[in-house]
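Student: If it helps, the file is called input.txt and holds compact mmCIF, C-alpha atoms (C1' of nucleotides) and all ligand atoms:
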```
# COMPACT_ATOMS: atom_id res chain seq x y z
CA MET K 1 0.00 0.00 0.00
CA PHE K 2 2.31 2.73 1.23
CA SER K 3 6.10 2.58 1.23
CA LYS K 4 8.06 1.73 4.34
CA THR K 5 9.59 5.16 4.04
CA PHE K 6 6.16 6.69 4.58
CA GLY K 7 5.57 4.63 7.71
CA TYR K 8 8.99 5.54 9.07
CA ALA K 9 8.46 9.23 8.30
CA LEU K 10 5.04 9.41 9.86
CA ARG K 11 6.06 7.57 12.99
CA ALA K 12 9.17 9.73 13.37
CA VAL K 13 7.32 13.01 12.96
CA THR K 14 4.69 11.92 15.43
CA PHE K 15 7.34 10.89 17.92
CA ILE K 16 9.09 14.23 17.58
CA THR K 17 5.83 16.07 18.07
CA ILE K 18 5.35 14.23 21.34
CA HIS K 19 8.88 14.15 22.72
CA GLY K 20 10.68 17.03 21.10
CA ASN K 21 10.43 20.70 21.84
CA ASP K 22 12.77 23.59 21.24
CA GLY K 23 14.65 23.02 24.47
CA ASN K 24 14.81 19.24 24.23
CA LYS K 25 15.55 18.03 20.76
CA VAL K 26 15.33 14.42 19.65
CA GLY K 27 18.57 12.98 18.31
CA LEU K 28 18.68 10.61 15.38
CA GLN K 29 20.08 7.91 17.64
CA GLU K 30 17.31 8.25 20.17
CA LEU K 31 14.69 8.40 17.45
CA SER K 32 15.85 5.33 15.61
CA GLN K 33 16.21 3.32 18.80
CA ALA K 34 12.81 4.27 20.17
CA LEU K 35 11.06 3.45 16.91
CA GLU K 36 13.28 0.54 15.87
CA ILE K 37 14.14 2.02 12.51
CA PRO K 38 17.61 1.58 10.90
CA HIS K 39 19.22 4.87 11.84
CA HIS K 40 21.17 5.66 8.69
CA PHE K 41 18.09 5.12 6.61
CA LEU K 42 16.02 7.23 8.96
CA GLY K 43 18.65 9.94 8.63
CA LYS K 44 17.94 10.17 4.92
CA ILE K 45 14.24 10.38 5.47
CA MET K 46 14.62 13.07 8.12
CA GLN K 47 16.81 15.12 5.78
CA ASP K 48 13.98 15.12 3.31
CA LEU K 49 11.41 16.12 5.90
CA VAL K 50 13.64 18.96 7.13
CA ARG K 51 14.14 20.13 3.56
CA HIS K 52 10.38 20.28 3.17
CA GLY K 53 10.01 22.14 6.44
CA VAL K 54 7.95 19.47 8.18
CA VAL K 55 10.37 19.47 11.11
CA ASP K 56 13.47 21.50 12.00
CA SER K 57 16.92 20.32 12.99
CA VAL K 58 20.16 21.62 14.41
CA LYS K 59 23.57 20.03 14.21
CA GLY K 60 26.18 19.82 16.89
CA PRO K 61 26.08 18.68 20.52
CA HIS K 62 22.56 18.55 21.89
CA GLY K 63 21.35 18.98 18.38
CA GLY K 64 18.60 16.93 16.82
CA PHE K 65 15.13 17.28 15.44
CA TYR K 66 12.26 19.27 16.86
CA ALA K 67 8.74 20.31 15.93
CA ASN K 68 8.18 23.71 14.41
CA ALA K 69 4.99 25.69 13.85
CA LYS K 70 4.11 23.62 10.80
CA THR K 71 4.78 20.19 12.26
CA GLY K 72 1.60 19.59 14.22
CA LYS K 73 -0.58 21.00 11.48
CA THR K 74 1.01 18.82 8.81
CA VAL K 75 -1.53 16.56 7.27
CA LEU K 76 -0.80 12.91 6.44
CA THR K 77 -1.11 13.37 2.69
CA ASP K 78 1.61 16.04 2.86
CA ILE K 79 4.01 13.44 4.19
CA LEU K 80 2.75 10.82 1.77
CA ARG K 81 3.44 13.16 -1.12
CA ILE K 82 6.99 13.74 0.11
CA THR K 83 7.82 10.08 0.59
CA ASP K 84 5.78 8.34 -2.11
CA GLY K 85 5.18 11.01 -4.73
CA ASN K 86 1.97 11.93 -6.48
CA LEU K 87 1.26 8.69 -8.28
CA VAL K 88 -0.33 6.97 -5.28
CA PHE K 89 -3.27 9.28 -5.55
CA SER K 90 -4.40 8.32 -9.01
CA GLN K 91 -3.16 4.87 -9.89
CA CYS K 92 -5.38 2.11 -11.23
CA ALA K 93 -5.60 -1.03 -9.12
CA LEU K 94 -4.91 -3.17 -12.18
CA GLY K 95 -2.26 -0.88 -13.60
CA ILE K 96 -4.05 0.23 -16.74
CA LYS K 97 -2.90 3.61 -17.94
CA ARG K 98 -5.88 5.81 -17.30
CA CYS K 99 -7.90 5.65 -14.12
CA ASN K 100 -11.12 7.59 -14.18
CA ALA K 101 -14.84 6.99 -14.07
CA ALA K 102 -15.13 7.46 -17.82
CA HIS K 103 -12.73 4.61 -18.56
CA PRO K 104 -12.95 2.25 -15.61
CA CYS K 105 -11.25 -1.06 -15.19
CA PRO K 106 -13.42 -3.81 -13.68
CA LEU K 107 -12.29 -2.87 -10.18
CA HIS K 108 -12.44 0.88 -10.54
CA ASP K 109 -15.71 1.67 -8.82
CA ASP K 110 -14.87 -0.27 -5.71
CA PHE K 111 -11.21 0.57 -5.65
CA ALA K 112 -11.52 4.30 -6.30
CA LEU K 113 -14.06 4.56 -3.51
CA CYS K 114 -11.72 2.80 -1.12
CA ARG K 115 -8.59 4.66 -2.23
CA ASP K 116 -10.14 8.10 -2.34
CA GLY K 117 -11.87 7.53 0.97
CA MET K 118 -8.59 6.63 2.59
CA LEU K 119 -6.82 9.61 1.07
CA GLN K 120 -9.57 11.96 2.12
CA ILE K 121 -9.27 10.76 5.69
CA MET K 122 -5.53 11.23 5.47
CA ALA K 123 -5.99 14.71 4.10
CA GLN K 124 -7.92 15.65 7.22
CA LYS K 125 -5.77 13.99 9.85
CA THR K 126 -2.91 16.06 11.23
CA VAL K 127 0.22 14.89 12.95
CA SER K 128 -0.95 16.37 16.25
CA MET K 129 -4.13 14.32 16.05
CA LEU K 130 -2.01 11.19 15.77
CA ALA K 131 0.15 12.38 18.63
CA GLU K 132 -2.91 12.75 20.84
CA GLY K 133 -3.90 9.16 20.30
CA VAL K 134 -0.42 7.96 21.17
CA VAL K 135 -0.16 10.14 24.26
CA SER K 136 -3.48 8.90 25.54
CA GLY K 137 -2.31 5.33 25.07
CA ASP K 138 -4.91 4.44 22.47
CA THR K 139 -2.44 3.85 19.65
CA PHE K 140 1.16 2.74 19.28
CA LEU K 141 4.11 3.82 17.18
CA VAL K 142 6.22 0.72 17.46
CA ARG K 143 6.05 -3.06 17.17
CA MET M 1 -1.31 -1.32 -3.62
CA PHE M 2 -1.29 -4.53 -5.63
CA SER M 3 1.59 -5.79 -7.75
CA LYS M 4 1.65 -5.37 -11.50
CA THR M 5 1.67 -9.13 -11.69
CA PHE M 6 -1.75 -9.19 -10.05
CA GLY M 7 -3.15 -6.71 -12.55
CA TYR M 8 -1.72 -8.69 -15.44
CA ALA M 9 -3.05 -11.97 -14.07
CA LEU M 10 -6.53 -10.69 -13.44
CA ARG M 11 -6.83 -9.01 -16.82
CA ALA M 12 -5.50 -12.12 -18.57
CA VAL M 13 -7.87 -14.49 -16.80
CA THR M 14 -10.81 -12.22 -17.54
CA PHE M 15 -9.83 -11.99 -21.19
CA ILE M 16 -9.57 -15.75 -21.46
CA THR M 17 -12.96 -16.17 -19.83
CA ILE M 18 -14.45 -13.93 -22.49
CA HIS M 19 -12.55 -15.03 -25.59
CA GLY M 20 -11.38 -18.53 -24.87
CA ASN M 21 -13.32 -21.75 -24.90
CA ASP M 22 -12.31 -25.35 -25.33
CA GLY M 23 -12.49 -25.18 -29.10
CA ASN M 24 -10.86 -21.78 -29.46
CA LYS M 25 -7.93 -21.33 -27.15
CA VAL M 26 -6.15 -18.06 -26.57
CA GLY M 27 -2.46 -18.09 -27.43
CA LEU M 28 0.14 -16.28 -25.38
CA GLN M 29 0.93 -14.09 -28.36
CA GLU M 30 -2.67 -13.05 -28.86
CA LEU M 31 -3.18 -12.51 -25.14
CA SER M 32 -0.14 -10.32 -24.66
CA GLN M 33 -0.91 -8.26 -27.74
CA ALA M 34 -4.55 -7.70 -26.86
CA LEU M 35 -3.73 -6.66 -23.30
CA GLU M 36 -0.41 -4.93 -24.03
CA ILE M 37 1.54 -7.01 -21.56
CA PRO M 38 5.16 -8.09 -22.19
CA HIS M 39 4.61 -11.62 -23.46
CA HIS M 40 7.50 -13.46 -21.84
CA PHE M 41 6.57 -12.03 -18.49
CA LEU M 42 2.94 -12.92 -19.03
CA GLY M 43 4.08 -16.44 -19.88
CA LYS M 44 5.54 -16.79 -16.40
CA ILE M 45 2.39 -15.53 -14.78
CA MET M 46 0.20 -17.86 -16.84
CA GLN M 47 2.39 -20.81 -15.86
CA ASP M 48 1.62 -20.03 -12.27
CA LEU M 49 -2.10 -19.71 -12.87
CA VAL M 50 -2.16 -23.01 -14.74
CA ARG M 51 -0.24 -24.67 -11.93
CA HIS M 52 -2.90 -23.44 -9.52
CA GLY M 53 -5.67 -24.65 -11.82
CA VAL M 54 -7.18 -21.23 -12.42
CA VAL M 55 -6.99 -21.81 -16.17
CA ASP M 56 -5.93 -24.73 -18.36
CA SER M 57 -3.47 -24.83 -21.21
CA VAL M 58 -2.31 -27.07 -24.00
CA LYS M 59 0.92 -26.90 -25.96
CA GLY M 60 1.41 -27.38 -29.63
CA PRO M 61 -0.26 -25.93 -32.71
CA HIS M 62 -3.59 -24.33 -31.89
CA GLY M 63 -2.65 -24.66 -28.27
CA GLY M 64 -3.05 -21.92 -25.74
CA PHE M 65 -5.02 -21.08 -22.64
CA TYR M 66 -8.67 -21.67 -21.97
CA ALA M 67 -11.17 -21.41 -19.17
CA ASN M 68 -12.02 -24.51 -17.17
CA ALA M 69 -14.82 -25.21 -14.73
CA LYS M 70 -13.04 -23.31 -11.96
CA THR M 71 -12.07 -20.25 -13.95
CA GLY M 72 -15.30 -18.28 -13.90
CA LYS M 73 -15.93 -19.06 -10.27
CA THR M 74 -12.47 -17.96 -9.21
CA VAL M 75 -12.67 -15.09 -6.82
CA LEU M 76 -10.30 -12.11 -6.97
CA THR M 77 -8.64 -12.86 -3.66
CA ASP M 78 -7.68 -16.30 -4.97
CA ILE M 79 -5.67 -14.66 -7.71
CA LEU M 80 -4.28 -12.05 -5.34
CA ARG M 81 -3.05 -14.81 -3.06
CA ILE M 82 -1.30 -16.52 -5.95
CA THR M 83 0.44 -13.41 -7.24
CA ASP M 84 1.05 -11.36 -4.10
CA GLY M 85 1.05 -13.89 -1.29
CA ASN M 86 -0.71 -13.74 2.03
CA LEU M 87 0.92 -10.69 3.53
CA VAL M 88 -1.30 -8.18 1.73
CA PHE M 89 -4.20 -9.27 3.84
CA SER M 90 -2.81 -8.36 7.22
CA GLN M 91 -0.12 -5.74 6.87
CA CYS M 92 -0.06 -2.54 8.88
CA ALA M 93 -0.23 0.70 6.90
CA LEU M 94 2.77 2.04 8.80
CA GLY M 95 4.69 -1.21 8.75
CA ILE M 96 4.66 -1.96 12.48
CA LYS M 97 4.93 -5.65 13.22
CA ARG M 98 1.54 -6.49 14.62
CA CYS M 99 -1.66 -5.22 13.08
CA ASN M 100 -4.76 -5.81 15.13
CA ALA M 101 -7.39 -3.87 17.02
CA ALA M 102 -5.72 -4.64 20.33
CA HIS M 103 -2.45 -3.00 19.29
CA PRO M 104 -3.37 -0.39 16.71
CA CYS M 105 -1.09 2.10 15.02
CA PRO M 106 -2.52 5.61 14.66
CA LEU M 107 -3.94 4.75 11.26
CA HIS M 108 -5.26 1.30 12.07
CA ASP M 109 -8.96 1.98 12.55
CA ASP M 110 -9.30 3.84 9.27
CA PHE M 111 -6.91 1.71 7.33
CA ALA M 112 -8.15 -1.68 8.45
CA LEU M 113 -11.68 -0.65 7.58
CA CYS M 114 -10.59 0.37 4.10
CA ARG M 115 -8.32 -2.62 3.50
CA ASP M 116 -10.69 -5.23 4.86
CA GLY M 117 -13.58 -3.69 2.99
CA MET M 118 -11.68 -3.88 -0.25
CA LEU M 119 -10.61 -7.45 0.39
CA GLN M 120 -14.12 -8.49 1.31
CA ILE M 121 -15.42 -7.08 -1.95
CA MET M 122 -12.67 -8.92 -3.77
CA ALA M 123 -13.56 -12.12 -1.96
CA GLN M 124 -17.06 -11.91 -3.37
CA LYS M 125 -16.31 -10.86 -6.93
CA THR M 126 -15.70 -13.67 -9.38
CA VAL M 127 -13.87 -13.56 -12.66
CA SER M 128 -17.11 -14.12 -14.56
CA MET M 129 -18.62 -11.06 -12.90
CA LEU M 130 -15.72 -9.01 -14.20
CA ALA M 131 -16.13 -10.59 -17.62
CA GLU M 132 -19.77 -9.53 -17.71
CA GLY M 133 -18.88 -5.91 -17.16
CA VAL M 134 -16.31 -6.02 -19.92
CA VAL M 135 -18.64 -7.78 -22.36
CA SER M 136 -21.38 -5.25 -21.73
CA GLY M 137 -18.90 -2.46 -22.42
CA ASP M 138 -19.07 -0.96 -18.95
CA THR M 139 -15.47 -1.65 -18.05
CA PHE M 140 -12.16 -2.02 -19.86
CA LEU M 141 -9.20 -4.37 -19.63
CA VAL M 142 -6.62 -2.27 -21.40
CA ARG M 143 -5.21 1.26 -21.52
C1' DA O 1 8.29 -39.99 -38.60
C1' DG O 2 9.33 -35.17 -39.26
C1' DA O 3 8.30 -30.35 -39.13
C1' DA O 4 6.04 -26.71 -37.05
C1' DA O 5 3.63 -24.38 -33.39
C1' DT O 6 3.16 -23.40 -28.89
C1' DA O 7 3.57 -23.47 -23.75
C1' DA O 8 7.07 -24.40 -20.10
C1' DA O 9 11.30 -23.73 -18.10
C1' DG O 10 15.41 -21.46 -17.02
C1' DA O 11 18.90 -18.07 -17.02
C1' DG O 12 20.10 -13.32 -17.51
C1' DT O 13 19.36 -7.96 -17.02
C1' DG O 14 17.63 -3.44 -15.22
C1' DT O 15 15.64 -0.80 -11.78
C1' DC O 16 14.29 0.66 -7.51
C1' DA O 17 13.26 0.56 -2.61
C1' DA O 18 15.49 -0.42 1.45
C1' DC O 19 19.32 -0.59 3.99
C1' DT O 20 24.63 0.13 5.35
C1' DC O 21 28.88 2.41 5.74
C1' DT O 22 32.01 6.38 5.31
C1' DT O 23 33.08 11.13 4.97
C1' DT O 24 31.95 15.98 5.38
C1' DT O 25 29.84 19.94 7.33
C1' DT O 26 28.08 22.50 11.02
C1' DG O 27 27.42 23.90 15.53
C1' DT O 28 28.54 23.62 20.77
C1' DT O 29 31.38 23.67 24.59
C1' DG O 30 35.33 23.69 27.41
C1' DC N 1 40.71 27.77 19.19
C1' DA N 2 40.54 22.74 19.77
C1' DA N 3 37.82 18.92 20.53
C1' DC N 4 33.75 16.87 19.98
C1' DA N 5 28.88 15.82 18.87
C1' DA N 6 25.46 15.58 15.79
C1' DA N 7 23.11 16.13 11.27
C1' DA N 8 24.01 16.13 6.19
C1' DA N 9 25.78 14.14 2.31
C1' DG N 10 27.32 10.62 -0.57
C1' DA N 11 28.70 6.11 -2.10
C1' DG N 12 27.99 1.27 -1.80
C1' DT N 13 25.14 -3.21 -1.04
C1' DT N 14 21.21 -6.20 -1.23
C1' DG N 15 16.96 -8.26 -2.56
C1' DA N 16 12.75 -8.19 -4.89
C1' DC N 17 10.00 -7.07 -8.76
C1' DA N 18 9.60 -6.43 -13.54
C1' DC N 19 11.07 -7.65 -17.71
C1' DT N 20 13.98 -10.17 -21.69
C1' DC N 21 16.07 -13.80 -24.08
C1' DT N 22 17.18 -18.62 -24.98
C1' DT N 23 16.35 -23.40 -24.71
C1' DT N 24 13.39 -27.39 -23.95
C1' DA N 25 9.23 -30.17 -23.90
C1' DT N 26 4.85 -31.26 -25.78
C1' DT N 27 1.31 -31.50 -29.10
C1' DT N 28 -0.61 -31.30 -33.75
C1' DC N 29 -0.50 -31.75 -38.56
C1' DT N 30 1.23 -33.37 -42.78
S1 LIG K 201 -9.32 2.34 -13.75
FE1 LIG K 201 -8.64 0.73 -12.48
S2 LIG K 201 -8.89 1.58 -10.53
FE2 LIG K 201 -9.52 3.25 -11.79
S1 LIG K 202 -1.71 -1.61 13.14
FE1 LIG K 202 -1.30 -0.23 11.53
S2 LIG K 202 -2.88 -0.71 10.17
FE2 LIG K 202 -3.27 -2.13 11.74
```
Using the file provided, produce a representation of the structure as structure tokens.

Tutor:
Amino acid sequence: MFSKTFGYALRAVTFITIHGNDGNKVGLQELSQALEIPHHFLGKIMQDLVRHGVVDSVKGPHGGFYANAKTGKTVLTDILRITDGNLVFSQCALGIKRCNAAHPCPLHDDFALCRDGMLQIMAQKTVSMLAEGVVSGDTFLVR
Amino acid sequence: MFSKTFGYALRAVTFITIHGNDGNKVGLQELSQALEIPHHFLGKIMQDLVRHGVVDSVKGPHGGFYANAKTGKTVLTDILRITDGNLVFSQCALGIKRCNAAHPCPLHDDFALCRDGMLQIMAQKTVSMLAEGVVSGDTFLVR
DNA sequence: AGAAATAAAGAGTGTCAACTCTTTTTGTTG
DNA sequence: CAACAAAAAGAGTTGACACTCTTTATTTCT
């Protein structure tokens, strides 16, 4: 469905929203250990998120990643677009070239409903909403 | 979402259901040209489907693939299981190890609903249902 | 039986996501 | 300023999927 990169990115951003603030940044080491994500790989992903302004970072001792004004308001599809590109949003389940109601494959009606529904939900959910669920113990970021 | 192999397999089986019968088999060449699928690759996929009894085949002149008693009744999840394995049915959207209501990731409730809904639909749809839609001109198998 | 057609089988190639390792840059602190 | 810590950058590795090409086995037809 979605790439591993997306899962890693989303979990990392949520974790930072919960545990990182301007005075107490989250290091790559800490992040990768807490979430059980290979840390070099996570480094790459974080670079990308910083470049897109989803989170901020500082180098040097006591450096790390921390939430900025945008972070909490970031919506899941924003992150999906960064990690997985735009194609996810419009691809046919059977891989035929066009995907639209005027030229549907045999699965289109059902699939488009499912896909677009999921994406719409993800376009409304923000990172801080996810963080809430984790803080309250309702949902989990690891294992 | 699903592999290309799955799309190829499903389109091929549907095409055979429509155009192939015991007296008039569909050759690999014809199949791959009609559906615009690389024919050597399609050959591999068809091998697998024949092995699983989804369609039958004969070699030699005027050989090819044709629908058997099972073909039309085959349900989409059967084909999905052959091409994509079992993992699709139970994987977490964020890639955490367990995926169940007792240990949900922040996306679980929405995602599981969407995924299981889609799979349930696919567990009820048969190849002959798809074929009907194509024959009546409502849906398309190519492009 | 021999030739031709066709699926089956197998080996090889390209690409990309996912992951690892090394080096560089930047910032902090003593 | 020197030492050090941490992110950034870059190069390399691996495995799986997607695809190609070649060879073999089987069947039909003459
Ligand atoms: S055309 Fe296949 S899902 Fe839209
Ligand atoms: S736990 Fe993530 S989708 Fe079920």

Student: Give me, as JSON, numbers by chain, the contact residues of chain O against chain K at a cut-off of 10 Å, counting only C-alpha atoms (C1' of nucleotides).

Tutor: {"O": [17, 18, 19, 20, 21, 25, 26, 27, 28, 29]}

Student: Identify every residue of chain M that has at least one atom within 7 Å of any atom of chain K, counting all atoms listed in the file, and report the result as a list in words.

Tutor: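 Taken together, these residues fit the definition: Met1, Phe2, Lys4, Gly7, Ala93, Leu94, Gly95, Ile96, Lys97, Arg98, His103, Pro104, Cys105, Pro106, Cys114, Met118, Leu130, Gly133, Thr139, Phe140, Leu141, Val142 and Arg143 of chain M.
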
Student: Chain M superposed on chain K over all ordered C-alpha pairs, least squares: can you write that as an mmCIF file with C-alpha atoms, in the frame of the given file?

Tutor:
```cif
data_model
loop_
_atom_site.group_PDB
_atom_site.id
_atom_site.type_symbol
_atom_site.label_atom_id
_atom_site.label_comp_id
_atom_site.auth_asym_id
_atom_site.auth_seq_id
_atom_site.Cartn_x
_atom_site.Cartn_y
_atom_site.Cartn_z
ATOM 1 C CA MET M 1 0.063 -0.008 -0.054
ATOM 2 C CA PHE M 2 2.381 2.699 1.226
ATOM 3 C CA SER M 3 6.169 2.536 1.246
ATOM 4 C CA LYS M 4 8.121 1.678 4.360
ATOM 5 C CA THR M 5 9.643 5.110 4.073
ATOM 6 C CA PHE M 6 6.208 6.632 4.596
ATOM 7 C CA GLY M 7 5.612 4.571 7.719
ATOM 8 C CA TYR M 8 9.009 5.517 9.091
ATOM 9 C CA ALA M 9 8.486 9.194 8.314
ATOM 10 C CA LEU M 10 5.062 9.385 9.859
ATOM 11 C CA ARG M 11 6.071 7.545 13.011
ATOM 12 C CA ALA M 12 9.187 9.705 13.366
ATOM 13 C CA VAL M 13 7.327 12.979 12.937
ATOM 14 C CA THR M 14 4.691 11.894 15.430
ATOM 15 C CA PHE M 15 7.345 10.882 17.933
ATOM 16 C CA ILE M 16 9.091 14.214 17.580
ATOM 17 C CA THR M 17 5.818 16.056 18.052
ATOM 18 C CA ILE M 18 5.333 14.229 21.330
ATOM 19 C CA HIS M 19 8.868 14.165 22.718
ATOM 20 C CA GLY M 20 10.652 17.039 21.075
ATOM 21 C CA ASN M 21 10.420 20.721 21.798
ATOM 22 C CA ASP M 22 12.754 23.608 21.182
ATOM 23 C CA GLY M 23 14.630 23.068 24.416
ATOM 24 C CA ASN M 24 14.778 19.289 24.207
ATOM 25 C CA LYS M 25 15.528 18.062 20.735
ATOM 26 C CA VAL M 26 15.319 14.459 19.652
ATOM 27 C CA GLY M 27 18.560 13.013 18.325
ATOM 28 C CA LEU M 28 18.699 10.625 15.406
ATOM 29 C CA GLN M 29 20.112 7.959 17.686
ATOM 30 C CA GLU M 30 17.310 8.280 20.203
ATOM 31 C CA LEU M 31 14.681 8.417 17.472
ATOM 32 C CA SER M 32 15.871 5.328 15.652
ATOM 33 C CA GLN M 33 16.222 3.350 18.859
ATOM 34 C CA ALA M 34 12.810 4.292 20.203
ATOM 35 C CA LEU M 35 11.075 3.455 16.929
ATOM 36 C CA GLU M 36 13.312 0.541 15.901
ATOM 37 C CA ILE M 37 14.186 2.027 12.546
ATOM 38 C CA PRO M 38 17.640 1.601 10.947
ATOM 39 C CA HIS M 39 19.244 4.903 11.893
ATOM 40 C CA HIS M 40 21.198 5.717 8.749
ATOM 41 C CA PHE M 41 18.127 5.146 6.658
ATOM 42 C CA LEU M 42 16.044 7.250 9.003
ATOM 43 C CA GLY M 43 18.676 9.965 8.671
ATOM 44 C CA LYS M 44 17.983 10.161 4.950
ATOM 45 C CA ILE M 45 14.268 10.365 5.493
ATOM 46 C CA MET M 46 14.635 13.078 8.134
ATOM 47 C CA GLN M 47 16.832 15.097 5.777
ATOM 48 C CA ASP M 48 13.990 15.094 3.324
ATOM 49 C CA LEU M 49 11.422 16.110 5.907
ATOM 50 C CA VAL M 50 13.637 18.947 7.106
ATOM 51 C CA ARG M 51 14.145 20.098 3.534
ATOM 52 C CA HIS M 52 10.372 20.242 3.150
ATOM 53 C CA GLY M 53 10.020 22.111 6.438
ATOM 54 C CA VAL M 54 7.946 19.452 8.160
ATOM 55 C CA VAL M 55 10.368 19.467 11.088
ATOM 56 C CA ASP M 56 13.454 21.499 11.977
ATOM 57 C CA SER M 57 16.897 20.337 12.965
ATOM 58 C CA VAL M 58 20.135 21.634 14.373
ATOM 59 C CA LYS M 59 23.563 20.043 14.232
ATOM 60 C CA GLY M 60 26.127 19.864 16.940
ATOM 61 C CA PRO M 61 26.033 18.782 20.573
ATOM 62 C CA HIS M 62 22.498 18.644 21.915
ATOM 63 C CA GLY M 63 21.331 19.032 18.367
ATOM 64 C CA GLY M 64 18.618 16.960 16.812
ATOM 65 C CA PHE M 65 15.127 17.289 15.433
ATOM 66 C CA TYR M 66 12.252 19.269 16.823
ATOM 67 C CA ALA M 67 8.747 20.294 15.917
ATOM 68 C CA ASN M 68 8.168 23.702 14.375
ATOM 69 C CA ALA M 69 4.994 25.679 13.821
ATOM 70 C CA LYS M 70 4.091 23.599 10.770
ATOM 71 C CA THR M 71 4.769 20.184 12.233
ATOM 72 C CA GLY M 72 1.594 19.577 14.198
ATOM 73 C CA LYS M 73 -0.583 20.963 11.456
ATOM 74 C CA THR M 74 1.008 18.791 8.800
ATOM 75 C CA VAL M 75 -1.527 16.509 7.265
ATOM 76 C CA LEU M 76 -0.785 12.866 6.426
ATOM 77 C CA THR M 77 -1.086 13.335 2.690
ATOM 78 C CA ASP M 78 1.635 15.989 2.847
ATOM 79 C CA ILE M 79 4.032 13.405 4.192
ATOM 80 C CA LEU M 80 2.793 10.768 1.768
ATOM 81 C CA ARG M 81 3.487 13.125 -1.112
ATOM 82 C CA ILE M 82 7.022 13.703 0.115
ATOM 83 C CA THR M 83 7.872 10.039 0.581
ATOM 84 C CA ASP M 84 5.835 8.301 -2.114
ATOM 85 C CA GLY M 85 5.233 10.966 -4.728
ATOM 86 C CA ASN M 86 2.035 11.878 -6.485
ATOM 87 C CA LEU M 87 1.290 8.644 -8.271
ATOM 88 C CA VAL M 88 -0.314 6.943 -5.271
ATOM 89 C CA PHE M 89 -3.235 9.276 -5.542
ATOM 90 C CA SER M 90 -4.396 8.326 -8.997
ATOM 91 C CA GLN M 91 -3.171 4.872 -9.888
ATOM 92 C CA CYS M 92 -5.426 2.144 -11.214
ATOM 93 C CA ALA M 93 -5.672 -1.012 -9.110
ATOM 94 C CA LEU M 94 -4.976 -3.134 -12.180
ATOM 95 C CA GLY M 95 -2.302 -0.861 -13.571
ATOM 96 C CA ILE M 96 -4.097 0.286 -16.723
ATOM 97 C CA LYS M 97 -2.926 3.672 -17.909
ATOM 98 C CA ARG M 98 -5.915 5.872 -17.294
ATOM 99 C CA CYS M 99 -7.932 5.708 -14.111
ATOM 100 C CA ASN M 100 -11.156 7.649 -14.165
ATOM 101 C CA ALA M 101 -14.885 7.066 -14.054
ATOM 102 C CA ALA M 102 -15.171 7.550 -17.798
ATOM 103 C CA HIS M 103 -12.768 4.700 -18.552
ATOM 104 C CA PRO M 104 -13.009 2.331 -15.612
ATOM 105 C CA CYS M 105 -11.304 -1.011 -15.186
ATOM 106 C CA PRO M 106 -13.484 -3.754 -13.696
ATOM 107 C CA LEU M 107 -12.353 -2.841 -10.202
ATOM 108 C CA HIS M 108 -12.498 0.923 -10.541
ATOM 109 C CA ASP M 109 -15.780 1.729 -8.821
ATOM 110 C CA ASP M 110 -14.923 -0.249 -5.708
ATOM 111 C CA PHE M 111 -11.276 0.592 -5.668
ATOM 112 C CA ALA M 112 -11.554 4.308 -6.300
ATOM 113 C CA LEU M 113 -14.097 4.567 -3.517
ATOM 114 C CA CYS M 114 -11.748 2.807 -1.124
ATOM 115 C CA ARG M 115 -8.607 4.645 -2.224
ATOM 116 C CA ASP M 116 -10.152 8.091 -2.343
ATOM 117 C CA GLY M 117 -11.856 7.524 0.973
ATOM 118 C CA MET M 118 -8.583 6.605 2.582
ATOM 119 C CA LEU M 119 -6.805 9.571 1.052
ATOM 120 C CA GLN M 120 -9.545 11.943 2.106
ATOM 121 C CA ILE M 121 -9.248 10.738 5.679
ATOM 122 C CA MET M 122 -5.506 11.193 5.456
ATOM 123 C CA ALA M 123 -5.973 14.686 4.082
ATOM 124 C CA GLN M 124 -7.891 15.625 7.200
ATOM 125 C CA LYS M 125 -5.763 13.954 9.850
ATOM 126 C CA THR M 126 -2.911 16.021 11.215
ATOM 127 C CA VAL M 127 0.219 14.848 12.929
ATOM 128 C CA SER M 128 -0.947 16.341 16.221
ATOM 129 C CA MET M 129 -4.130 14.283 16.034
ATOM 130 C CA LEU M 130 -2.012 11.162 15.746
ATOM 131 C CA ALA M 131 0.152 12.361 18.616
ATOM 132 C CA GLU M 132 -2.913 12.727 20.819
ATOM 133 C CA GLY M 133 -3.901 9.129 20.291
ATOM 134 C CA VAL M 134 -0.421 7.945 21.143
ATOM 135 C CA VAL M 135 -0.163 10.140 24.240
ATOM 136 C CA SER M 136 -3.500 8.904 25.521
ATOM 137 C CA GLY M 137 -2.309 5.332 25.046
ATOM 138 C CA ASP M 138 -4.904 4.429 22.445
ATOM 139 C CA THR M 139 -2.453 3.833 19.638
ATOM 140 C CA PHE M 140 1.154 2.728 19.267
ATOM 141 C CA LEU M 141 4.115 3.819 17.174
ATOM 142 C CA VAL M 142 6.233 0.715 17.457
ATOM 143 C CA ARG M 143 6.036 -3.073 17.186
#
```

Student: Let me have the centre and edge lengths in Å, one decimal, of the box along x, y and z around every listed atom of ligand LIG 201 (chain K) with 8 Å of margin on each side, as AutoDock Vina command-line options.

Tutor:
```
--center_x -9.1 --center_y 2.0 --center_z -12.1 --size_x 16.9 --size_y 18.5 --size_z 19.2
```

Student: Would you compute the distance between C1' of DT22 in chain O and C1' of DG10 in chain N? Give it in Å to one decimal.

Tutor: 8.6 Å

Student: Would you mind telling me which residue in M:Gln33, M:Thr83, M:Thr17, M:Asn68 lies nearest to chain N when using all atoms listed in the file?

Tutor: M:Thr83

Student: Counting only C-alpha atoms (C1' of nucleotides), which residues from chain N have an atom at most 7 Å from any atom of chain M, and could you show them as a PyMOL selection string?

Tutor: chain N and resi 19+26-28
